[in-house]
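Peer 1: I am attaching a structure below and will ask some questions about it afterwards.
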Protein chains: 2
Amino acid sequence: MSKKALTVADVAKLSGVTIRALHHYDEIGLLSPTRGSGGYRRYSEADVLRLQQILIYRALGLPLQRIKAVMDDPDFDVVAALQEQRTQLEARAAETSRMLESLDRALTRLRGNTALDLSALFDGFDPALYEEEAEQRWGSTAAYAESKRRTSQYTRETWARINAEADAIGERVAKAIEAGVSPTSEAGKALAEAKRLHVDRYYYPCGRRMFQEVASLYTDDPRFRQNLDRFGAGAAAFLRRAAAANARDSP
Amino acid sequence: MSKKALTVADVAKLSGVTIRALHHYDEIGLLSPTRGSGGYRRYSEADVLRLQQILIYRALGLPLQRIKAVMDDPDFDVVAALQEQRTQLEARAAETSRMLESLDRALTRLRGNTALDLSALFDGFDPALYEEEAEQRWGSTAAYAESKRRTSQYTRETWARINAEADAIGERVAKAIEAGVSPTSEAGKALAEAKRLHVDRYYYPCGRRMFQEVASLYTDDPRFRQNLDRFGAGAAAFLRRAAAANARDSP
DNA sequence: ACTTGACCCTCACGCGGCGTGAGGCCGCAC
DNA sequence: GTGCGGCCTCACGCCGCGTGAGGGTCAAGT
């Protein structure tokens, strides 16, 4: 009658799961068929029936242990289990879409810039990936918006010029340090002013007092500092002090 | 100057990752700081810088090995890696939303029916979870729509009556089998007709020929068969043959 | 100089759901 | 009896750490 027992391979083909998965379900006690003489697993129709149920729950993403509990413990609240699973899935969905958004933004920026010098914007380090952070920190400021507006229109040649100019300033700073120039001296303040004008012209309007704020990042943010200190050790610190002195001269 | 080295705990607080994660990144060669005299890890600013990058990529869901490749191999195509990641994420998003939809449908059905006898619909087995499948197989048929319309209005008492009636038919079938009645006999056909009228009245319009089709499921689908065979072995098969004979009498 | 307590280190297992062999027994056809 | 296909049981691998266990190191206080 209904005594035809199936082998693992039969059930596997029938249900679409792999043999290994059936072994696994047996191991964890989720689906344990009887055994034949040679130790072969023999799946009854009740087993196949149970497997169907298991697969339905699995398709909803329930952990196997939960499936086991739901099916074996009649006191277990199925609805509660599914609701909990819903919460989990919603969290996963939110997480995934967040990643996708970030990723798309990063891709847009990278694709827009791959032809350019990637270490161009914002004093040198590759902005495409950090822009996410910049957006969060500065996104609401007028300076950031203006900077974005201007830089979006620069051509490759323009970028090359801007970078060359920034490099030139960096090297002048390095030489000043070697020569023992004080950042608070007139020569030091002149360097800070040069840097400030550079930012003011190419990125966003930046007065002396504002530049003092910005220059504090030169030492406090390791990425700015590393970028500046490649011209010479202490360049970032020099500029910061010079910017502060320069700001005190401001009317 | 910039020689202040940080401990694991410092970096952990600073970056928000756990100490264990930093250990892990060291283990897999993703971020390997220098070591102090006592074997302590000493993170330089370059290390912190690198960690920042790592975390940016990690926030996009990239596997650590990929991050390592992207950062250490300058020939590695970052854009391609991100695009691949995008594909993966989209697949995950689709998968998750699919699960959510199925789950919501299951929850709706379960919540609507928990007060009722869950083994009521469609000859006995809990439909709330199988309905997904039923929807796919028969969702487009008029019979399914009609069945859904009718059953949605049944009260608990109605269900009890319907089930009692179905059980009575099942038991009559079992007794007929024990008594040696042939399914193709008049008595057999009468039983098939009783079952058909039951379906026709409570679920959907079902003529004799249509019922023959339906009854083929009684033996072919293990869930139908199990439900019927609980009255007695062979009940499903009996009904199928009887339904076929009954259909041949149809004008 | 010694103790204390806070920090650091290295194993090493665990999770979830199997994939992927390795090495060997079983059953049926010839 | 002998092949060959199918079945079995270990057992490790994956991914990104969490979570101890067991023991060294460092700086401060006594």
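Identifiers for the structure tokens are assigned positionally: chains receive A, B, ... in sequence, residues are indexed from 1 per chain, and ligands are indexed from 1 in the order shown.
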Residues of chain B that approach chain A to 7 Å or less, counting only C-alpha atoms: could you list each one with the shortest pair of atoms and its distance in Å to one decimal, rows by chain and increasing residue number, as a tab-separated table?
Peer 2:
residue	atom	partner	partner_atom	distance
B:Glu45	CA	A:Pro222	CA	6.7
B:Leu49	CA	A:Arg223	CA	6.7
B:Ala59	CA	A:Met99	CA	6.8
B:Leu60	CA	A:Met99	CA	5.1
B:Gly61	CA	A:Met99	CA	6.7
B:Val79	CA	A:Leu107	CA	6.7
B:Arg86	CA	A:Leu100	CA	6.6
B:Leu89	CA	A:Thr96	CA	6.5
B:Ala93	CA	A:Ala93	CA	6.2
B:Thr96	CA	A:Ala93	CA	6.2
B:Met99	CA	A:Leu60	CA	5.1
B:Leu100	CA	A:Arg86	CA	6.6
B:Ser102	CA	A:Leu60	CA	6.7
B:Leu103	CA	A:Leu60	CA	6.0
B:Leu107	CA	A:Val79	CA	6.7
B:Pro222	CA	A:Glu45	CA	6.8
B:Arg223	CA	A:Leu49	CA	6.8
Peer 1: Residual C-alpha RMSD for chain A onto chain B, least squares, all atoms in order?
Peer 2: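 So the superposition leaves a C-alpha RMSD of 0.3 Å.
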Peer 1: Against chain A, which residues of chain C fall within 12 Å? For each one I want the closest pair of atoms and the distance in Å (one decimal), counting only C-alpha atoms (C1' of nucleotides), rows by chain and increasing residue number, as CSV.
Peer 2:
residue,atom,partner,partner_atom,distance
C:DC15,C1',A:Pro63,CA,11.9
C:DG16,C1',A:Pro63,CA,8.0
C:DG17,C1',A:Ala21,CA,8.1
C:DC18,C1',A:Ala21,CA,6.2
C:DG19,C1',A:Arg20,CA,8.1
C:DT20,C1',A:Arg20,CA,9.9
C:DC25,C1',A:Gly38,CA,8.4
C:DC26,C1',A:Gly38,CA,6.4
C:DG27,C1',A:Gly38,CA,9.3
Peer 1: Just want the 12 Å neighbourhood of DC13 in chain C, counted on only C-alpha atoms (C1' of nucleotides), with same-chain residues fewer than 2 positions away dropped. Output as a list in words.
Peer 2: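 Close residues of DC13 in chain C: DC11 and DC15 of chain C; DG18, DT19, DG20 and DA21 of chain D.
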Peer 1: Print the selection's residues with N, CA and C atoms (P, O5', C5', C4', C3', O3' and C1' of nucleotides) to a file, as an mmCIF file, in the first residue's frame.
Peer 2:
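Result file is part_7.cif:
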data_model
loop_
_atom_site.group_PDB
_atom_site.id
_atom_site.type_symbol
_atom_site.label_atom_id
_atom_site.label_comp_id
_atom_site.auth_asym_id
_atom_site.auth_seq_id
_atom_site.Cartn_x
_atom_site.Cartn_y
_atom_site.Cartn_z
ATOM 1 P P DC C 11 49.180 30.624 19.784
ATOM 2 O "O5'" DC C 11 47.648 30.743 19.442
ATOM 3 C "C5'" DC C 11 46.867 29.608 19.217
ATOM 4 C "C4'" DC C 11 46.601 28.818 20.485
ATOM 5 C "C3'" DC C 11 45.564 27.744 20.257
ATOM 6 O "O3'" DC C 11 45.858 26.591 21.011
ATOM 7 C "C1'" DC C 11 44.769 29.352 21.816
ATOM 8 P P DC C 15 27.216 25.635 18.941
ATOM 9 O "O5'" DC C 15 26.672 26.771 17.984
ATOM 10 C "C5'" DC C 15 26.356 28.059 18.510
ATOM 11 C "C4'" DC C 15 26.255 29.046 17.382
ATOM 12 C "C3'" DC C 15 25.526 28.492 16.153
ATOM 13 O "O3'" DC C 15 24.411 29.301 15.853
ATOM 14 C "C1'" DC C 15 27.553 29.595 15.547
ATOM 15 P P DG D 18 32.622 40.520 17.955
ATOM 16 O "O5'" DG D 18 32.043 39.167 18.571
ATOM 17 C "C5'" DG D 18 30.702 38.790 18.352
ATOM 18 C "C4'" DG D 18 30.229 37.801 19.414
ATOM 19 C "C3'" DG D 18 30.497 38.206 20.867
ATOM 20 O "O3'" DG D 18 29.436 37.658 21.660
ATOM 21 C "C1'" DG D 18 31.785 36.269 20.344
ATOM 22 P P DT D 19 29.301 37.997 23.214
ATOM 23 O "O5'" DT D 19 30.158 36.844 23.928
ATOM 24 C "C5'" DT D 19 29.911 35.496 23.596
ATOM 25 C "C4'" DT D 19 30.877 34.583 24.327
ATOM 26 C "C3'" DT D 19 31.415 35.129 25.656
ATOM 27 O "O3'" DT D 19 31.234 34.147 26.648
ATOM 28 C "C1'" DT D 19 33.181 34.316 24.317
ATOM 29 P P DG D 20 31.238 34.587 28.195
ATOM 30 O "O5'" DG D 20 32.765 35.010 28.424
ATOM 31 C "C5'" DG D 20 33.551 34.391 29.394
ATOM 32 C "C4'" DG D 20 33.964 32.984 29.011
ATOM 33 C "C3'" DG D 20 35.119 32.473 29.867
ATOM 34 O "O3'" DG D 20 34.783 31.220 30.471
ATOM 35 C "C1'" DG D 20 35.641 32.311 27.526
ATOM 36 P P DA D 21 35.682 30.808 31.740
ATOM 37 O "O5'" DA D 21 37.033 30.245 31.101
ATOM 38 C "C5'" DA D 21 36.996 29.045 30.317
ATOM 39 C "C4'" DA D 21 38.417 28.563 30.088
ATOM 40 C "C3'" DA D 21 39.313 28.662 31.325
ATOM 41 O "O3'" DA D 21 40.187 27.547 31.336
ATOM 42 C "C1'" DA D 21 40.219 30.006 29.595
#
Peer 1: Rounded to one decimal, what separation in Å do you get between CA of Thr184 in chain A and CA of Ala245 in chain A?
Peer 2: 5.5 Å
Peer 1: Only residues of chain D matter here; which ones have an atom within 9 Å of chain B, counting only C-alpha atoms (C1' of nucleotides)? Give them as a PyMOL selection string.
Peer 2: chain D and resi 15-18+24-25
Peer 1: Please, what distance in Å, to one decimal, runs between C1' of DC28 in chain C and C1' of DC10 in chain D?
Peer 2: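 Atom-to-atom, C1' of DC28 in chain C to C1' of DC10 in chain D, that is 26.8 Å.
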Peer 1: What is the CA of Ala142 in chain A-CA of Leu217 in chain A distance in Å, reported with one decimal?
Peer 2: 18.1 Å
Peer 1: Please report, as number ranges by chain, each residue of range 162-220 of chain A to which DSSP assigns alpha helix (DSSP H) when run on this structure's backbone.
Peer 2: A: 162-178, 186-202, 208-220
Peer 1: With a distance cut-off of 12 Å and only C-alpha atoms (C1' of nucleotides), select the neighbouring residues of DT3 in chain C, excluding the residue or stretch itself and same-chain residues fewer than 5 positions from it, and output the selection as a PyMOL selection string.
Peer 2: chain D and resi 28-30
Peer 1: List the neighbours of Asp167 in chain B out to 12 Å using only C-alpha atoms (C1' of nucleotides); skip same-chain residues closer than 2 positions along the sequence, and give me the result as a PDB file with all heavy atoms, in the first residue's frame.
Peer 2:
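Done, and the output landed in out.pdb:
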ATOM      1  N   SER B 119      -7.289  22.220  10.972  1.00  0.00           N
ATOM      2  CA  SER B 119      -7.237  21.118  10.019  1.00  0.00           C
ATOM      3  C   SER B 119      -8.555  20.992   9.269  1.00  0.00           C
ATOM      4  O   SER B 119      -9.012  19.916   8.923  1.00  0.00           O
ATOM      5  CB  SER B 119      -6.930  19.813  10.752  1.00  0.00           C
ATOM      6  OG  SER B 119      -7.962  19.559  11.687  1.00  0.00           O
ATOM      7  N   ALA B 120      -9.151  22.138   9.021  1.00  0.00           N
ATOM      8  CA  ALA B 120     -10.498  22.108   8.469  1.00  0.00           C
ATOM      9  C   ALA B 120     -10.532  22.109   6.947  1.00  0.00           C
ATOM     10  O   ALA B 120     -11.063  21.197   6.325  1.00  0.00           O
ATOM     11  CB  ALA B 120     -11.268  23.318   8.982  1.00  0.00           C
ATOM     12  N   ASP B 123     -10.244  19.279   2.999  1.00  0.00           N
ATOM     13  CA  ASP B 123     -10.136  17.897   3.438  1.00  0.00           C
ATOM     14  C   ASP B 123      -9.094  17.668   4.510  1.00  0.00           C
ATOM     15  O   ASP B 123      -8.445  16.638   4.534  1.00  0.00           O
ATOM     16  CB  ASP B 123      -9.829  16.989   2.260  1.00  0.00           C
ATOM     17  CG  ASP B 123     -11.067  16.849   1.395  1.00  0.00           C
ATOM     18  OD1 ASP B 123     -12.117  16.538   1.949  1.00  0.00           O
ATOM     19  OD2 ASP B 123     -10.954  17.087   0.187  1.00  0.00           O
ATOM     20  N   GLY B 124      -8.890  18.637   5.307  1.00  0.00           N
ATOM     21  CA  GLY B 124      -8.245  18.293   6.555  1.00  0.00           C
ATOM     22  C   GLY B 124      -6.901  18.852   6.940  1.00  0.00           C
ATOM     23  O   GLY B 124      -6.704  19.135   8.096  1.00  0.00           O
ATOM     24  N   ALA B 160     -17.302  23.107  12.079  1.00  0.00           N
ATOM     25  CA  ALA B 160     -17.452  21.865  12.841  1.00  0.00           C
ATOM     26  C   ALA B 160     -18.405  20.917  12.115  1.00  0.00           C
ATOM     27  O   ALA B 160     -18.148  19.715  11.991  1.00  0.00           O
ATOM     28  CB  ALA B 160     -17.980  22.173  14.244  1.00  0.00           C
ATOM     29  N   ARG B 161     -19.483  21.478  11.595  1.00  0.00           N
ATOM     30  CA  ARG B 161     -20.449  20.650  10.884  1.00  0.00           C
ATOM     31  C   ARG B 161     -19.831  20.055   9.612  1.00  0.00           C
ATOM     32  O   ARG B 161     -19.966  18.859   9.330  1.00  0.00           O
ATOM     33  CB  ARG B 161     -21.669  21.514  10.533  1.00  0.00           C
ATOM     34  CG  ARG B 161     -22.870  20.737  10.062  1.00  0.00           C
ATOM     35  CD  ARG B 161     -24.158  21.513  10.341  1.00  0.00           C
ATOM     36  NE  ARG B 161     -24.035  22.954  10.087  1.00  0.00           N
ATOM     37  CZ  ARG B 161     -24.062  23.516   8.864  1.00  0.00           C
ATOM     38  NH1 ARG B 161     -24.177  22.739   7.796  1.00  0.00           N
ATOM     39  NH2 ARG B 161     -23.973  24.822   8.717  1.00  0.00           N
ATOM     40  N   ILE B 162     -19.150  20.906   8.877  1.00  0.00           N
ATOM     41  CA  ILE B 162     -18.527  20.433   7.630  1.00  0.00           C
ATOM     42  C   ILE B 162     -17.530  19.317   7.918  1.00  0.00           C
ATOM     43  O   ILE B 162     -17.502  18.284   7.234  1.00  0.00           O
ATOM     44  CB  ILE B 162     -17.825  21.611   6.917  1.00  0.00           C
ATOM     45  CG1 ILE B 162     -18.862  22.625   6.447  1.00  0.00           C
ATOM     46  CG2 ILE B 162     -16.986  21.107   5.756  1.00  0.00           C
ATOM     47  CD1 ILE B 162     -18.255  23.905   5.908  1.00  0.00           C
ATOM     48  N   ASN B 163     -16.750  19.524   8.933  1.00  0.00           N
ATOM     49  CA  ASN B 163     -15.749  18.505   9.252  1.00  0.00           C
ATOM     50  C   ASN B 163     -16.396  17.200   9.701  1.00  0.00           C
ATOM     51  O   ASN B 163     -15.938  16.113   9.332  1.00  0.00           O
ATOM     52  CB  ASN B 163     -14.821  19.018  10.353  1.00  0.00           C
ATOM     53  CG  ASN B 163     -13.897  20.088   9.825  1.00  0.00           C
ATOM     54  OD1 ASN B 163     -13.557  20.084   8.633  1.00  0.00           O
ATOM     55  ND2 ASN B 163     -13.491  21.000  10.696  1.00  0.00           N
ATOM     56  N   ALA B 164     -17.436  17.341  10.508  1.00  0.00           N
ATOM     57  CA  ALA B 164     -18.122  16.142  10.970  1.00  0.00           C
ATOM     58  C   ALA B 164     -18.677  15.359   9.781  1.00  0.00           C
ATOM     59  O   ALA B 164     -18.579  14.128   9.704  1.00  0.00           O
ATOM     60  CB  ALA B 164     -19.246  16.527  11.925  1.00  0.00           C
ATOM     61  N   GLU B 165     -19.215  16.107   8.844  1.00  0.00           N
ATOM     62  CA  GLU B 165     -19.774  15.459   7.659  1.00  0.00           C
ATOM     63  C   GLU B 165     -18.686  14.759   6.844  1.00  0.00           C
ATOM     64  O   GLU B 165     -18.853  13.610   6.393  1.00  0.00           O
ATOM     65  CB  GLU B 165     -20.479  16.519   6.798  1.00  0.00           C
ATOM     66  CG  GLU B 165     -21.402  15.928   5.748  1.00  0.00           C
ATOM     67  CD  GLU B 165     -22.199  17.030   5.055  1.00  0.00           C
ATOM     68  OE1 GLU B 165     -22.945  17.760   5.773  1.00  0.00           O
ATOM     69  OE2 GLU B 165     -22.065  17.162   3.827  1.00  0.00           O
ATOM     70  N   ILE B 169     -18.285  10.661   6.043  1.00  0.00           N
ATOM     71  CA  ILE B 169     -18.069  10.044   4.729  1.00  0.00           C
ATOM     72  C   ILE B 169     -16.822   9.174   4.761  1.00  0.00           C
ATOM     73  O   ILE B 169     -16.813   8.042   4.268  1.00  0.00           O
ATOM     74  CB  ILE B 169     -17.937  11.134   3.639  1.00  0.00           C
ATOM     75  CG1 ILE B 169     -19.258  11.921   3.535  1.00  0.00           C
ATOM     76  CG2 ILE B 169     -17.579  10.507   2.302  1.00  0.00           C
ATOM     77  CD1 ILE B 169     -19.187  13.101   2.585  1.00  0.00           C
ATOM     78  N   GLY B 170     -15.780   9.687   5.367  1.00  0.00           N
ATOM     79  CA  GLY B 170     -14.533   8.919   5.459  1.00  0.00           C
ATOM     80  C   GLY B 170     -14.765   7.597   6.152  1.00  0.00           C
ATOM     81  O   GLY B 170     -14.255   6.548   5.715  1.00  0.00           O
ATOM     82  N   GLU B 171     -15.525   7.628   7.210  1.00  0.00           N
ATOM     83  CA  GLU B 171     -15.759   6.372   7.939  1.00  0.00           C
ATOM     84  C   GLU B 171     -16.625   5.403   7.153  1.00  0.00           C
ATOM     85  O   GLU B 171     -16.422   4.183   7.219  1.00  0.00           O
ATOM     86  CB  GLU B 171     -16.380   6.691   9.307  1.00  0.00           C
ATOM     87  CG  GLU B 171     -15.302   7.028  10.336  1.00  0.00           C
ATOM     88  CD  GLU B 171     -15.845   7.855  11.489  1.00  0.00           C
ATOM     89  OE1 GLU B 171     -17.068   7.781  11.736  1.00  0.00           O
ATOM     90  OE2 GLU B 171     -15.042   8.571  12.134  1.00  0.00           O
ATOM     91  N   ARG B 172     -17.567   5.955   6.429  1.00  0.00           N
ATOM     92  CA  ARG B 172     -18.387   5.067   5.583  1.00  0.00           C
ATOM     93  C   ARG B 172     -17.514   4.387   4.541  1.00  0.00           C
ATOM     94  O   ARG B 172     -17.670   3.204   4.236  1.00  0.00           O
ATOM     95  CB  ARG B 172     -19.499   5.873   4.900  1.00  0.00           C
ATOM     96  CG  ARG B 172     -20.661   6.192   5.843  1.00  0.00           C
ATOM     97  CD  ARG B 172     -21.591   7.231   5.241  1.00  0.00           C
ATOM     98  NE  ARG B 172     -22.121   6.827   3.943  1.00  0.00           N
ATOM     99  CZ  ARG B 172     -22.678   7.671   3.075  1.00  0.00           C
ATOM    100  NH1 ARG B 172     -22.739   8.976   3.368  1.00  0.00           N
ATOM    101  NH2 ARG B 172     -23.143   7.241   1.938  1.00  0.00           N
ATOM    102  N   VAL B 173     -16.559   5.138   3.994  1.00  0.00           N
ATOM    103  CA  VAL B 173     -15.634   4.556   3.023  1.00  0.00           C
ATOM    104  C   VAL B 173     -14.828   3.440   3.673  1.00  0.00           C
ATOM    105  O   VAL B 173     -14.672   2.341   3.110  1.00  0.00           O
ATOM    106  CB  VAL B 173     -14.686   5.636   2.456  1.00  0.00           C
ATOM    107  CG1 VAL B 173     -13.577   4.995   1.629  1.00  0.00           C
ATOM    108  CG2 VAL B 173     -15.468   6.630   1.602  1.00  0.00           C
ATOM    109  N   ALA B 174     -14.317   3.697   4.862  1.00  0.00           N
ATOM    110  CA  ALA B 174     -13.494   2.704   5.545  1.00  0.00           C
ATOM    111  C   ALA B 174     -14.287   1.420   5.783  1.00  0.00           C
ATOM    112  O   ALA B 174     -13.798   0.302   5.557  1.00  0.00           O
ATOM    113  CB  ALA B 174     -12.990   3.272   6.876  1.00  0.00           C
ATOM    114  N   ALA B 194     -21.338  11.051  -2.677  1.00  0.00           N
ATOM    115  CA  ALA B 194     -21.509  11.762  -1.403  1.00  0.00           C
ATOM    116  C   ALA B 194     -20.355  12.732  -1.174  1.00  0.00           C
ATOM    117  O   ALA B 194     -20.531  13.899  -0.782  1.00  0.00           O
ATOM    118  CB  ALA B 194     -21.593  10.753  -0.260  1.00  0.00           C
ATOM    119  N   LYS B 195     -19.174  12.235  -1.432  1.00  0.00           N
ATOM    120  CA  LYS B 195     -17.997  13.082  -1.256  1.00  0.00           C
ATOM    121  C   LYS B 195     -18.047  14.269  -2.232  1.00  0.00           C
ATOM    122  O   LYS B 195     -17.737  15.417  -1.868  1.00  0.00           O
ATOM    123  CB  LYS B 195     -16.747  12.239  -1.510  1.00  0.00           C
ATOM    124  CG  LYS B 195     -15.439  12.960  -1.292  1.00  0.00           C
ATOM    125  CD  LYS B 195     -15.123  13.109   0.185  1.00  0.00           C
ATOM    126  CE  LYS B 195     -13.781  13.803   0.387  1.00  0.00           C
ATOM    127  NZ  LYS B 195     -13.599  14.252   1.781  1.00  0.00           N
ATOM    128  N   HIS B 198     -20.406  16.853  -1.118  1.00  0.00           N
ATOM    129  CA  HIS B 198     -19.828  17.583   0.018  1.00  0.00           C
ATOM    130  C   HIS B 198     -18.942  18.716  -0.482  1.00  0.00           C
ATOM    131  O   HIS B 198     -19.080  19.871  -0.055  1.00  0.00           O
ATOM    132  CB  HIS B 198     -19.023  16.598   0.882  1.00  0.00           C
ATOM    133  CG  HIS B 198     -18.347  17.237   2.050  1.00  0.00           C
ATOM    134  ND1 HIS B 198     -19.006  17.547   3.220  1.00  0.00           N
ATOM    135  CD2 HIS B 198     -17.069  17.625   2.233  1.00  0.00           C
ATOM    136  CE1 HIS B 198     -18.164  18.097   4.064  1.00  0.00           C
ATOM    137  NE2 HIS B 198     -16.974  18.155   3.489  1.00  0.00           N
ATOM    138  N   ASN B 227      -4.473  12.248   4.821  1.00  0.00           N
ATOM    139  CA  ASN B 227      -5.674  12.704   5.499  1.00  0.00           C
ATOM    140  C   ASN B 227      -6.819  11.710   5.335  1.00  0.00           C
ATOM    141  O   ASN B 227      -7.566  11.451   6.282  1.00  0.00           O
ATOM    142  CB  ASN B 227      -6.080  14.060   4.946  1.00  0.00           C
ATOM    143  CG  ASN B 227      -7.354  14.561   5.594  1.00  0.00           C
ATOM    144  OD1 ASN B 227      -7.425  14.659   6.815  1.00  0.00           O
ATOM    145  ND2 ASN B 227      -8.357  14.847   4.775  1.00  0.00           N
ATOM    146  N   LEU B 228      -6.938  11.147   4.144  1.00  0.00           N
ATOM    147  CA  LEU B 228      -8.047  10.211   3.911  1.00  0.00           C
ATOM    148  C   LEU B 228      -7.752   8.838   4.505  1.00  0.00           C
ATOM    149  O   LEU B 228      -8.644   8.177   5.050  1.00  0.00           O
ATOM    150  CB  LEU B 228      -8.319  10.102   2.411  1.00  0.00           C
ATOM    151  CG  LEU B 228      -9.021  11.323   1.818  1.00  0.00           C
ATOM    152  CD1 LEU B 228      -8.974  11.305   0.304  1.00  0.00           C
ATOM    153  CD2 LEU B 228     -10.462  11.387   2.319  1.00  0.00           C
ATOM    154  N   ASP B 229      -6.494   8.450   4.407  1.00  0.00           N
ATOM    155  CA  ASP B 229      -6.170   7.103   4.877  1.00  0.00           C
ATOM    156  C   ASP B 229      -6.195   6.977   6.394  1.00  0.00           C
ATOM    157  O   ASP B 229      -6.060   5.872   6.926  1.00  0.00           O
ATOM    158  CB  ASP B 229      -4.817   6.656   4.314  1.00  0.00           C
ATOM    159  CG  ASP B 229      -4.938   6.221   2.847  1.00  0.00           C
ATOM    160  OD1 ASP B 229      -6.076   6.187   2.343  1.00  0.00           O
ATOM    161  OD2 ASP B 229      -3.905   5.918   2.229  1.00  0.00           O
ATOM    162  N   ARG B 230      -6.369   8.086   7.089  1.00  0.00           N
ATOM    163  CA  ARG B 230      -6.472   7.960   8.539  1.00  0.00           C
ATOM    164  C   ARG B 230      -7.791   7.276   8.919  1.00  0.00           C
ATOM    165  O   ARG B 230      -7.952   6.758  10.013  1.00  0.00           O
ATOM    166  CB  ARG B 230      -6.339   9.326   9.223  1.00  0.00           C
ATOM    167  CG  ARG B 230      -7.527  10.245   9.055  1.00  0.00           C
ATOM    168  CD  ARG B 230      -7.191  11.677   9.446  1.00  0.00           C
ATOM    169  NE  ARG B 230      -8.037  12.612   8.722  1.00  0.00           N
ATOM    170  CZ  ARG B 230      -9.119  13.193   9.263  1.00  0.00           C
ATOM    171  NH1 ARG B 230      -9.450  12.957  10.513  1.00  0.00           N
ATOM    172  NH2 ARG B 230      -9.832  14.014   8.545  1.00  0.00           N
ATOM    173  N   PHE B 231      -8.757   7.248   7.988  1.00  0.00           N
ATOM    174  CA  PHE B 231     -10.002   6.524   8.272  1.00  0.00           C
ATOM    175  C   PHE B 231      -9.802   5.032   8.077  1.00  0.00           C
ATOM    176  O   PHE B 231     -10.441   4.223   8.732  1.00  0.00           O
ATOM    177  CB  PHE B 231     -11.131   7.020   7.363  1.00  0.00           C
ATOM    178  CG  PHE B 231     -11.458   8.457   7.571  1.00  0.00           C
ATOM    179  CD1 PHE B 231     -11.103   9.411   6.633  1.00  0.00           C
ATOM    180  CD2 PHE B 231     -12.097   8.870   8.739  1.00  0.00           C
ATOM    181  CE1 PHE B 231     -11.395  10.742   6.844  1.00  0.00           C
ATOM    182  CE2 PHE B 231     -12.392  10.201   8.945  1.00  0.00           C
ATOM    183  CZ  PHE B 231     -12.038  11.146   7.997  1.00  0.00           C
ATOM    184  N   GLY B 232      -8.884   4.705   7.212  1.00  0.00           N
ATOM    185  CA  GLY B 232      -8.603   3.296   6.940  1.00  0.00           C
ATOM    186  C   GLY B 232      -7.695   3.200   5.727  1.00  0.00           C
ATOM    187  O   GLY B 232      -7.778   4.037   4.815  1.00  0.00           O
ATOM    188  N   ALA B 235      -8.405   4.128   1.672  1.00  0.00           N
ATOM    189  CA  ALA B 235      -9.586   4.974   1.493  1.00  0.00           C
ATOM    190  C   ALA B 235      -9.400   5.935   0.326  1.00  0.00           C
ATOM    191  O   ALA B 235     -10.326   6.135  -0.489  1.00  0.00           O
ATOM    192  CB  ALA B 235      -9.872   5.741   2.783  1.00  0.00           C
TER     193      ALA B 235
END
